[in-house]
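Structure file my_file23.txt (compact mmCIF, C-alpha atoms) is printed below.
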```
# COMPACT_ATOMS: atom_id res chain seq x y z
CA MET A 1 36.54 22.93 -64.52
CA ASN A 2 37.25 23.05 -60.79
CA ASP A 3 39.76 20.81 -59.07
CA TYR A 4 37.11 18.23 -58.17
CA VAL A 5 35.80 17.59 -61.68
CA ASP A 6 37.05 14.66 -63.79
CA PHE A 7 35.63 15.72 -67.17
CA SER A 8 33.46 18.46 -68.66
CA PRO A 9 29.66 18.31 -68.33
CA LYS A 10 29.51 17.77 -72.09
CA GLU A 11 31.43 14.47 -71.72
CA TYR A 12 28.89 13.15 -69.22
CA GLN A 13 25.91 14.43 -71.20
CA GLN A 14 27.18 12.55 -74.25
CA ARG A 15 27.48 9.38 -72.16
CA LEU A 16 23.90 9.73 -70.94
CA SER A 17 22.65 10.48 -74.46
CA LYS A 18 24.30 7.32 -75.81
CA LEU A 19 22.86 5.29 -72.94
CA ARG A 20 19.41 6.64 -73.71
CA VAL A 21 19.67 5.47 -77.32
CA LEU A 22 20.35 1.93 -76.07
CA MET A 23 17.59 2.22 -73.46
CA ALA A 24 15.07 3.23 -76.12
CA GLU A 25 16.08 0.31 -78.32
CA ARG A 26 15.42 -2.10 -75.43
CA GLY A 27 12.31 -0.44 -74.03
CA ILE A 28 13.96 0.57 -70.76
CA ASP A 29 12.48 3.61 -68.97
CA ALA A 30 15.31 4.21 -66.49
CA VAL A 31 18.60 2.69 -65.34
CA LEU A 32 19.42 2.37 -61.64
CA VAL A 33 23.21 2.53 -61.17
CA THR A 34 24.53 0.84 -58.02
CA THR A 35 28.26 0.13 -58.58
CA GLU A 36 31.31 2.36 -58.26
CA ALA A 37 32.70 2.40 -61.81
CA ASN A 38 29.34 3.01 -63.49
CA HIS A 39 28.46 5.61 -60.86
CA ARG A 40 31.66 7.52 -61.64
CA TYR A 41 31.25 7.02 -65.39
CA PHE A 42 27.76 8.51 -65.57
CA THR A 43 27.70 10.99 -62.66
CA GLY A 44 31.29 12.19 -62.24
CA HIS A 45 30.90 11.80 -58.47
CA VAL A 46 33.97 10.28 -56.78
CA THR A 47 34.27 9.25 -53.14
CA HIS A 48 36.41 7.10 -50.87
CA ARG A 49 33.26 5.70 -49.30
CA TRP A 50 32.99 2.95 -51.91
CA MET A 51 35.63 1.24 -49.74
CA HIS A 52 33.03 1.10 -46.98
CA GLN A 53 31.01 -1.91 -47.97
CA TYR A 54 28.12 -0.76 -45.78
CA THR A 55 27.76 2.63 -47.55
CA ALA A 56 25.34 2.81 -50.49
CA MET A 57 25.15 5.33 -53.35
CA PHE A 58 22.81 5.37 -56.34
CA ALA A 59 22.00 7.21 -59.55
CA LEU A 60 18.70 6.96 -61.39
CA LEU A 61 19.06 7.72 -65.11
CA PRO A 62 15.64 8.12 -66.79
CA LEU A 63 14.98 7.89 -70.50
CA GLU A 64 13.44 11.35 -70.25
CA GLY A 65 13.91 14.09 -67.68
CA GLU A 66 16.66 14.99 -65.24
CA PRO A 67 18.93 12.24 -63.88
CA LEU A 68 19.00 11.90 -60.10
CA LEU A 69 21.77 11.26 -57.60
CA ILE A 70 20.61 9.39 -54.48
CA VAL A 71 23.32 9.51 -51.80
CA PRO A 72 23.89 9.76 -48.03
CA PRO A 73 23.78 13.35 -46.64
CA GLN A 74 27.56 13.50 -46.14
CA GLU A 75 28.06 12.94 -49.88
CA ALA A 76 25.55 15.54 -51.09
CA CYS A 77 27.98 18.45 -50.65
CA MET A 78 30.66 16.57 -52.57
CA CYS A 79 28.21 15.81 -55.37
CA GLU A 80 27.58 19.54 -55.67
CA GLU A 81 31.31 19.97 -56.33
CA ASP A 82 32.17 17.12 -58.68
CA SER A 83 28.98 15.91 -60.38
CA TRP A 84 27.34 17.53 -63.38
CA MET A 85 23.97 16.35 -62.11
CA LYS A 86 21.92 18.97 -60.29
CA SER A 87 19.12 16.83 -58.83
CA ILE A 88 20.35 15.26 -55.59
CA ARG A 89 18.28 13.23 -53.14
CA THR A 90 19.53 12.04 -49.75
CA PHE A 91 18.56 9.28 -47.35
CA PRO A 92 19.31 8.69 -43.65
CA SER A 93 22.80 7.41 -42.84
CA GLU A 94 21.54 4.12 -41.49
CA HIS A 95 22.85 0.75 -42.49
CA ILE A 96 19.52 -1.03 -42.87
CA LEU A 97 17.62 -0.71 -46.17
CA GLN A 98 19.87 2.14 -47.25
CA GLY A 99 18.26 4.36 -49.82
CA VAL A 100 15.39 1.99 -50.60
CA ASP A 101 12.70 4.51 -49.69
CA ALA A 102 14.58 7.29 -51.52
CA ILE A 103 14.80 5.18 -54.69
CA THR A 104 11.13 4.25 -54.38
CA ASN A 105 10.14 7.90 -54.06
CA ALA A 106 12.35 8.89 -57.01
CA VAL A 107 10.76 6.25 -59.26
CA ARG A 108 7.31 7.47 -58.26
CA GLU A 109 8.38 11.09 -58.79
CA LEU A 110 9.35 10.19 -62.36
CA GLY A 111 6.01 8.45 -62.91
CA LEU A 112 7.63 5.06 -63.51
CA GLU A 113 5.67 2.93 -60.99
CA GLU A 114 4.73 0.67 -63.91
CA GLY A 115 7.89 1.17 -65.93
CA ARG A 116 10.80 -1.01 -66.96
CA ILE A 117 13.93 -0.25 -64.94
CA GLY A 118 17.38 -1.56 -65.78
CA THR A 119 19.68 -2.57 -62.97
CA GLU A 120 23.16 -4.04 -62.66
CA LEU A 121 22.08 -7.64 -62.34
CA GLY A 122 24.72 -9.35 -64.48
CA GLY A 123 27.63 -8.91 -66.82
CA ILE A 124 30.45 -9.87 -64.38
CA VAL A 125 29.48 -7.20 -61.84
CA ALA A 126 27.75 -7.48 -58.50
CA LEU A 127 24.61 -5.47 -57.75
CA ARG A 128 26.35 -4.07 -54.62
CA MET A 129 22.97 -3.72 -53.02
CA PRO A 130 22.06 -6.24 -50.31
CA CYS A 131 19.62 -8.87 -51.49
CA GLU A 132 17.09 -7.94 -48.80
CA ASP A 133 17.30 -4.27 -49.86
CA PHE A 134 16.62 -5.13 -53.50
CA ASP A 135 13.80 -7.45 -52.43
CA GLN A 136 12.24 -4.60 -50.45
CA LEU A 137 12.60 -2.25 -53.43
CA GLN A 138 10.74 -4.77 -55.60
CA GLN A 139 8.03 -5.08 -52.94
CA ASN A 140 7.72 -1.28 -52.80
CA LEU A 141 7.31 -1.14 -56.58
CA PRO A 142 5.37 -4.33 -57.44
CA ASN A 143 4.44 -3.16 -60.94
CA VAL A 144 7.96 -2.22 -62.00
CA ASP A 145 9.71 -4.67 -64.32
CA PHE A 146 13.35 -4.82 -63.14
CA VAL A 147 15.66 -6.06 -65.91
CA ASP A 148 19.41 -6.34 -66.41
CA ALA A 149 21.03 -3.28 -68.00
CA SER A 150 24.67 -4.16 -67.32
CA ALA A 151 25.29 -5.02 -70.98
CA LEU A 152 24.31 -1.48 -71.98
CA CYS A 153 26.83 0.02 -69.57
CA TRP A 154 29.63 -2.25 -70.78
CA LYS A 155 28.82 -1.47 -74.40
CA LEU A 156 29.23 2.25 -73.77
CA ARG A 157 32.35 1.90 -71.65
CA ALA A 158 34.09 -0.37 -74.18
CA ARG A 159 34.88 2.57 -76.48
CA LYS A 160 36.85 5.23 -74.65
CA SER A 161 36.54 8.91 -75.49
CA SER A 162 39.66 10.89 -76.33
CA ALA A 163 39.55 12.36 -72.80
CA GLU A 164 39.47 8.87 -71.28
CA VAL A 165 42.35 7.71 -73.50
CA GLU A 166 44.48 10.60 -72.22
CA ARG A 167 43.89 9.43 -68.63
CA ILE A 168 44.95 5.91 -69.60
CA ARG A 169 48.06 7.30 -71.31
CA GLU A 170 49.02 9.02 -68.05
CA ALA A 171 48.48 5.83 -66.07
CA VAL A 172 50.59 3.83 -68.53
CA ALA A 173 53.38 6.43 -68.50
CA ILE A 174 53.54 6.12 -64.71
CA THR A 175 53.90 2.34 -64.98
CA ASP A 176 56.57 2.74 -67.68
CA ALA A 177 58.63 4.88 -65.30
CA ALA A 178 58.09 2.51 -62.37
CA TYR A 179 59.30 -0.47 -64.43
CA GLN A 180 62.37 1.51 -65.50
CA VAL A 181 63.35 2.03 -61.86
CA LEU A 182 62.72 -1.65 -61.17
CA PHE A 183 65.03 -2.70 -64.01
CA GLU A 184 67.73 -0.38 -62.67
CA GLU A 185 67.53 -1.44 -59.04
CA VAL A 186 66.43 -5.09 -58.87
CA LYS A 187 69.19 -7.49 -57.80
CA PRO A 188 69.73 -10.77 -55.99
CA GLY A 189 69.38 -10.30 -52.26
CA MET A 190 66.18 -8.28 -52.48
CA SER A 191 63.04 -9.95 -51.24
CA GLU A 192 59.89 -10.41 -53.32
CA ARG A 193 58.14 -7.93 -51.02
CA GLU A 194 60.86 -5.33 -51.59
CA LEU A 195 60.54 -5.85 -55.35
CA CYS A 196 56.80 -5.28 -55.34
CA ARG A 197 57.01 -2.48 -52.76
CA LEU A 198 59.45 -0.66 -55.06
CA LEU A 199 56.92 -0.80 -57.89
CA ALA A 200 54.11 0.37 -55.61
CA VAL A 201 56.10 3.30 -54.25
CA GLU A 202 57.28 4.39 -57.70
CA HIS A 203 53.67 4.44 -58.92
CA LEU A 204 52.63 6.68 -56.03
CA ARG A 205 55.70 8.88 -56.38
CA ARG A 206 54.79 9.61 -59.99
CA GLY A 207 51.17 10.56 -59.38
CA ALA A 208 49.16 7.34 -59.31
CA GLU A 209 46.18 7.36 -56.98
CA MET A 210 47.03 3.80 -56.08
CA PRO A 211 49.13 0.92 -57.38
CA GLY A 212 47.52 -2.36 -58.28
CA SER A 213 47.93 -5.82 -59.75
CA ILE A 214 51.51 -6.01 -58.48
CA THR A 215 52.08 -9.74 -58.56
CA LEU A 216 54.80 -12.06 -59.82
CA ALA A 217 55.49 -15.59 -61.03
CA PRO A 218 59.09 -16.62 -60.25
CA TYR A 219 61.11 -19.45 -61.71
CA ILE A 220 63.21 -20.63 -58.77
CA PRO A 221 65.96 -23.19 -59.52
CA ASP A 222 65.18 -26.53 -57.86
CA ASP A 223 61.82 -25.28 -56.57
CA LEU A 224 58.99 -26.39 -58.82
CA ARG A 225 55.99 -25.70 -56.57
CA VAL A 226 52.83 -25.11 -58.59
CA ALA A 227 52.20 -21.84 -56.73
CA ASN A 228 55.26 -20.37 -58.46
CA SER A 229 53.83 -21.15 -61.89
CA THR A 230 51.18 -18.46 -61.75
CA LEU A 231 51.01 -14.81 -60.82
CA ARG A 232 50.78 -14.60 -57.04
CA ARG A 233 51.26 -12.20 -54.14
CA PRO A 234 54.83 -11.48 -52.98
CA ILE A 235 56.32 -13.21 -49.95
CA ASP A 236 59.47 -12.68 -47.86
CA ARG A 237 61.60 -14.98 -50.02
CA VAL A 238 64.96 -13.54 -51.10
CA LEU A 239 65.72 -13.38 -54.84
CA THR A 240 68.75 -15.32 -56.09
CA ALA A 241 70.88 -15.31 -59.25
CA GLY A 242 69.55 -17.51 -62.04
CA GLU A 243 65.89 -16.72 -61.43
CA MET A 244 63.47 -15.71 -64.14
CA ILE A 245 60.55 -13.55 -63.02
CA THR A 246 57.26 -12.69 -64.70
CA GLN A 247 56.18 -9.41 -63.11
CA ASP A 248 52.76 -7.81 -63.41
CA ALA A 249 52.11 -4.19 -62.42
CA GLY A 250 49.71 -1.33 -62.93
CA GLY A 251 48.14 1.66 -61.27
CA VAL A 252 45.30 4.16 -61.34
CA TYR A 253 45.50 7.74 -62.55
CA ARG A 254 42.38 9.89 -62.11
CA GLY A 255 40.27 6.75 -62.07
CA TYR A 256 41.81 4.97 -65.09
CA TRP A 257 44.07 1.92 -65.05
CA SER A 258 47.31 0.73 -66.57
CA ASP A 259 48.15 -2.97 -66.45
CA TYR A 260 50.96 -4.82 -68.17
CA THR A 261 53.54 -7.55 -67.60
CA ARG A 262 57.29 -7.77 -68.05
CA MET A 263 59.79 -10.61 -67.69
CA PHE A 264 63.44 -10.58 -66.67
CA ALA A 265 66.19 -12.88 -65.46
CA LEU A 266 68.62 -12.17 -62.62
CA GLY A 267 72.30 -12.54 -63.42
CA ARG A 268 71.93 -15.19 -66.11
CA ALA A 269 69.28 -16.84 -68.28
CA SER A 270 69.09 -20.37 -69.59
CA ALA A 271 68.71 -21.02 -73.32
CA ALA A 272 65.33 -22.65 -72.60
CA HIS A 273 64.05 -19.55 -70.87
CA GLN A 274 65.36 -17.28 -73.60
CA ASP A 275 63.57 -19.42 -76.19
CA ALA A 276 60.32 -19.45 -74.20
CA TYR A 277 60.46 -15.68 -73.84
CA ARG A 278 60.90 -15.28 -77.58
CA VAL A 279 57.88 -17.50 -78.28
CA VAL A 280 55.68 -15.40 -76.01
CA TYR A 281 57.08 -12.19 -77.51
CA ASP A 282 56.31 -13.38 -81.03
CA CYS A 283 52.77 -14.40 -80.01
CA LEU A 284 52.26 -10.97 -78.49
CA GLN A 285 53.43 -9.21 -81.64
CA ALA A 286 51.22 -11.41 -83.84
CA ALA A 287 48.13 -10.53 -81.77
CA ILE A 288 48.98 -6.83 -81.73
CA GLU A 289 49.52 -6.76 -85.51
CA ALA A 290 46.08 -8.35 -85.99
CA THR A 291 44.47 -5.48 -84.08
CA ARG A 292 42.42 -3.00 -86.11
CA PRO A 293 38.80 -1.75 -86.26
CA GLY A 294 36.31 -4.07 -87.92
CA VAL A 295 38.22 -7.24 -86.99
CA PRO A 296 36.58 -9.95 -84.84
CA ILE A 297 38.29 -9.98 -81.47
CA ALA A 298 38.81 -13.75 -81.79
CA ASP A 299 41.26 -13.06 -84.65
CA LEU A 300 43.79 -11.89 -82.06
CA VAL A 301 43.59 -15.25 -80.32
CA HIS A 302 43.92 -17.08 -83.65
CA ALA A 303 47.05 -15.06 -84.48
CA ALA A 304 48.69 -15.84 -81.14
CA LYS A 305 47.73 -19.53 -81.28
CA ALA A 306 49.06 -19.91 -84.84
CA THR A 307 52.38 -18.37 -83.86
CA MET A 308 52.63 -20.58 -80.79
CA SER A 309 51.87 -23.71 -82.83
CA ALA A 310 54.48 -22.79 -85.43
CA SER A 311 57.06 -22.45 -82.66
CA GLY A 312 56.62 -26.08 -81.62
CA HIS A 313 54.07 -25.59 -78.84
CA ALA A 314 50.97 -26.83 -80.66
CA ASP A 315 49.78 -28.91 -77.69
CA TYR A 316 49.80 -25.90 -75.40
CA ALA A 317 48.32 -23.62 -78.08
CA ALA A 318 45.33 -25.96 -78.33
CA THR A 319 44.45 -25.15 -74.69
CA VAL A 320 44.51 -21.35 -75.13
CA LYS A 321 41.03 -19.81 -74.95
CA GLY A 322 41.83 -16.15 -74.32
CA ILE A 323 44.74 -13.74 -74.25
CA GLY A 324 43.56 -10.55 -72.55
CA HIS A 325 40.83 -8.11 -71.66
CA ALA A 326 39.69 -4.53 -71.96
CA MET A 327 40.77 -1.93 -69.40
CA GLY A 328 39.53 1.47 -68.27
CA LEU A 329 37.85 2.54 -65.05
CA GLU A 330 38.42 -1.04 -63.92
CA ILE A 331 41.55 -3.09 -64.41
CA ILE A 332 39.58 -5.92 -66.00
CA GLU A 333 36.62 -5.07 -68.20
CA PRO A 334 34.80 -6.75 -71.05
CA PRO A 335 35.11 -7.40 -73.89
CA PHE A 336 37.57 -10.23 -73.32
CA ILE A 337 40.02 -11.31 -75.99
CA ALA A 338 38.56 -14.77 -76.17
CA PHE A 339 38.37 -17.49 -78.80
CA GLU A 340 34.57 -17.66 -78.60
CA ASN A 341 33.97 -13.91 -78.46
CA GLU A 342 32.03 -12.40 -81.39
CA VAL A 343 32.80 -8.76 -80.51
CA ILE A 344 34.09 -6.63 -83.41
CA LEU A 345 36.97 -4.30 -82.60
CA ALA A 346 36.20 -0.58 -82.79
CA GLU A 347 38.16 2.63 -82.52
CA GLY A 348 38.60 3.74 -78.90
CA MET A 349 38.76 0.27 -77.34
CA VAL A 350 41.73 -0.27 -75.01
CA PHE A 351 43.04 -3.77 -74.29
CA THR A 352 45.73 -5.56 -72.38
CA ILE A 353 46.99 -8.20 -74.81
CA GLU A 354 48.73 -10.90 -72.77
CA PRO A 355 49.58 -14.30 -74.30
CA GLY A 356 51.28 -16.73 -71.95
CA LEU A 357 53.11 -20.04 -72.06
CA PHE A 358 53.66 -22.67 -69.39
CA THR A 359 56.97 -24.47 -69.89
CA ALA A 360 58.22 -27.47 -67.94
CA ASP A 361 59.49 -25.24 -65.13
CA ALA A 362 58.12 -21.71 -65.52
CA PHE A 363 55.22 -19.46 -66.43
CA CYS A 364 56.03 -16.94 -69.17
CA MET A 365 53.78 -14.00 -70.08
CA LEU A 366 54.20 -10.62 -71.74
CA GLU A 367 51.53 -7.95 -71.89
CA GLU A 368 51.04 -4.59 -73.58
CA ASP A 369 48.35 -1.95 -73.23
CA VAL A 370 46.97 -1.36 -76.74
CA LEU A 371 44.56 1.23 -78.16
CA VAL A 372 42.45 0.45 -81.23
CA THR A 373 42.80 3.47 -83.54
CA ASP A 374 40.87 4.51 -86.65
CA ARG A 375 43.30 2.63 -88.91
CA GLY A 376 44.93 0.02 -86.68
CA TYR A 377 46.49 0.13 -83.24
CA GLU A 378 48.79 2.05 -80.93
CA VAL A 379 50.86 0.36 -78.24
CA LEU A 380 50.50 2.67 -75.24
CA SER A 381 53.03 0.93 -72.99
CA LYS A 382 56.76 1.16 -73.66
CA PRO A 383 57.20 -2.00 -75.76
CA ALA A 384 58.82 -5.07 -74.26
CA SER A 385 62.31 -6.07 -75.37
CA ALA A 386 62.52 -8.67 -78.13
CA GLU A 387 65.00 -10.61 -75.99
CA LEU A 388 64.74 -11.68 -72.34
CA PRO A 389 66.35 -8.91 -70.25
CA VAL A 390 69.11 -10.17 -67.96
CA LEU A 391 69.48 -7.79 -65.02
```
Please rewrite the model in this file as structure tokens.
Amino acid sequence: MNDYVDFSPKEYQQRLSKLRVLMAERGIDAVLVTTEANHRYFTGHVTHRWMHQYTAMFALLPLEGEPLLIVPPQEACMCEEDSWMKSIRTFPSEHILQGVDAITNAVRELGLEEGRIGTELGGIVALRMPCEDFDQLQQNLPNVDFVDASALCWKLRARKSSAEVERIREAVAITDAAYQVLFEEVKPGMSERELCRLLAVEHLRRGAEMPGSITLAPYIPDDLRVANSTLRRPIDRVLTAGEMITQDAGGVYRGYWSDYTRMFALGRASAAHQDAYRVVYDCLQAAIEATRPGVPIADLVHAAKATMSASGHADYAATVKGIGHAMGLEIIEPPFIAFENEVILAEGMVFTIEPGLFTADAFCMLEEDVLVTDRGYEVLSKPASAELPVL
């Protein structure tokens, strides 16, 4: 592989083959990919231009025949370097009706003017195609039946390949190291911004493409504002002794995320905070120990809720609906670890398991990145301490 390529062509061909099985089951003739993560997942093409909200890129994945990349001219040369797909179509770099004519022509080229085409119309993602552009595409192809195919994409992405898992391992290892530096250097007198900047810099220093989800929920003595009882952005406030902080952090390595939460106290910790930490820790362990292939995902929520109720927090446990989410090319992906979810765990799924507890004066949460293995689970993140760290 050259320096531009994420994975081998075989990896992408297997992804397309699996998608085609699902397409055939649902009578879908092609899938039009319009969003960044699915574009990268199926094509291997990576570009900074997804940050430009006015730049469009597409891939048309037919049930039969060669898949097509449909991109602006300035991206075609990059596609030749990093994508396994060989059929590339371009469209003028204008910001009105971008690519609509090119997509129309590609559908006609494939003989699908009366076909059923899946698009990213639902499943917690945005189409990322202006409404007027999609309306024009439908007018250009009046006999095409456009349906939602987002569920197919999520189903495939839920189970990570061994190559994807290795990318997530690297991302998690970077976050492990960044947290270690934080625990060594954090002290009263630092500001919240300095705390979060330290985590961001340490992620970049260790090879992350970018840091993310660096937020915190501080317990501040004598300051019980509601905004401090949830993860929020850092501000200029200076940290003081006696605080307890719930800190979230993660980063991206070669496209794949890490994301987990740690708690610590500065200088001293109250007995109430130590007890609350232990409750959350025990809930986390109960959910992790319930993790294995073939188990309904809701069982993880049941395990955490039962542990929380047994600890004397039955009223709060009754309000808990979910305790985490899947993670991969995006920091938050389905399936969600939710009470009502009927998803069955399978080998290769990667989750952030994150039970939380609101006490009278603080928000407590611990989180681990966990891989479902063939026989059970593997905690990818360096496990949290069983006792509240006092730094």
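The closest residue to Ala303 (chain A), picked from A:Val21, A:Ala338, A:Ala177, A:Ala271 and counting only C-alpha atoms, is A:Ala338.
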Pick out the residues sitting within 12 Å of Asp223 (chain A), and hand them over as a list in words; count only C-alpha atoms, and ignore anything fewer than 5 positions along from it in its own chain. Pro218, Asn228, Ser229, Glu243, Asp361 and Ala362 of chain A
CA of Ala290 (chain A) to CA of Leu380 (chain A) measures 16.0 Å
Find the residue from A:Phe264, A:Phe183, A:Phe58, A:Phe146 that sits nearest to Met365 (chain A); use only C-alpha atoms when measuring.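 Using only C-alpha atoms, Met365 (chain A) sits closest to A:Phe264.
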A:Pro72, A:Gly267, A:Gly324, A:Gly189 ranked by distance to Asp369 (chain A), top pick (using all atoms listed in the file):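 Nearest candidate to Asp369 (chain A) out of A:Pro72, A:Gly267, A:Gly324, A:Gly189: A:Gly324.
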I need the residue nearest Arg167 (chain A) from this list: A:Gly207, A:Pro188, A:Gly242, A:Gly212. Use only C-alpha atoms for the distance. A:Gly207
Quick one: pull the distance between CA of Leu97 (chain A) and CA of Leu141 (chain A), Å, one decimal. 14.7 Å
Record the distance separating CA of Glu340 (chain A) and CA of Thr34 (chain A), expressed in Å with one decimal.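 We find that CA of Glu340 (chain A) and CA of Thr34 (chain A) lie 29.4 Å from each other.
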Return as a Markdown table the residues of region 96-123 of chain A lying at most 12 Å from region 49-57 of chain A, together with the closest atom-to-atom pair for each and the distance in Å to one decimal, counting only C-alpha atoms, with rows in chain order and ascending residue number.
```
| residue | atom | partner | partner_atom | distance |
| --- | --- | --- | --- | --- |
| A:Ile96 | CA | A:Tyr54 | CA | 9.1 |
| A:Leu97 | CA | A:Ala56 | CA | 9.5 |
| A:Gln98 | CA | A:Ala56 | CA | 6.4 |
| A:Gly99 | CA | A:Ala56 | CA | 7.3 |
| A:Val100 | CA | A:Ala56 | CA | 10.0 |
| A:Ala102 | CA | A:Met57 | CA | 10.9 |
| A:Ile103 | CA | A:Met57 | CA | 10.4 |
```
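Minimum atom-to-atom distances from A:Leu127, A:Leu195, A:Ala158, A:Ala178 to Pro211 (chain A) were compared using all atoms listed in the file, and the lowest value belongs to A:Ala178.
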For Met190 (chain A), work out the shell of residues within 12 Å, counting all atoms listed in the file and skipping chain neighbours fewer than 3 positions away, then give it as a list in words.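 The residues satisfying every condition are Leu182, Glu185, Val186, Lys187, Arg193, Glu194, Leu195, Cys196, Arg197, Leu198, Pro234, Ile235, Asp236, Arg237, Val238, Leu239, Thr240, Ala241 and Leu266 of chain A.
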Given the selection you just returned, output its residues as a file containing C-alpha atoms, formatted as a PDB file, in the coordinates of the input.
```pdb
ATOM      1  CA  LEU A 182      62.720  -1.650 -61.170  1.00  0.00           C
ATOM      2  CA  GLU A 185      67.530  -1.440 -59.040  1.00  0.00           C
ATOM      3  CA  VAL A 186      66.430  -5.090 -58.870  1.00  0.00           C
ATOM      4  CA  LYS A 187      69.190  -7.490 -57.800  1.00  0.00           C
ATOM      5  CA  ARG A 193      58.140  -7.930 -51.020  1.00  0.00           C
ATOM      6  CA  GLU A 194      60.860  -5.330 -51.590  1.00  0.00           C
ATOM      7  CA  LEU A 195      60.540  -5.850 -55.350  1.00  0.00           C
ATOM      8  CA  CYS A 196      56.800  -5.280 -55.340  1.00  0.00           C
ATOM      9  CA  ARG A 197      57.010  -2.480 -52.760  1.00  0.00           C
ATOM     10  CA  LEU A 198      59.450  -0.660 -55.060  1.00  0.00           C
ATOM     11  CA  PRO A 234      54.830 -11.480 -52.980  1.00  0.00           C
ATOM     12  CA  ILE A 235      56.320 -13.210 -49.950  1.00  0.00           C
ATOM     13  CA  ASP A 236      59.470 -12.680 -47.860  1.00  0.00           C
ATOM     14  CA  ARG A 237      61.600 -14.980 -50.020  1.00  0.00           C
ATOM     15  CA  VAL A 238      64.960 -13.540 -51.100  1.00  0.00           C
ATOM     16  CA  LEU A 239      65.720 -13.380 -54.840  1.00  0.00           C
ATOM     17  CA  THR A 240      68.750 -15.320 -56.090  1.00  0.00           C
ATOM     18  CA  ALA A 241      70.880 -15.310 -59.250  1.00  0.00           C
ATOM     19  CA  LEU A 266      68.620 -12.170 -62.620  1.00  0.00           C
TER      20      LEU A 266
END
```
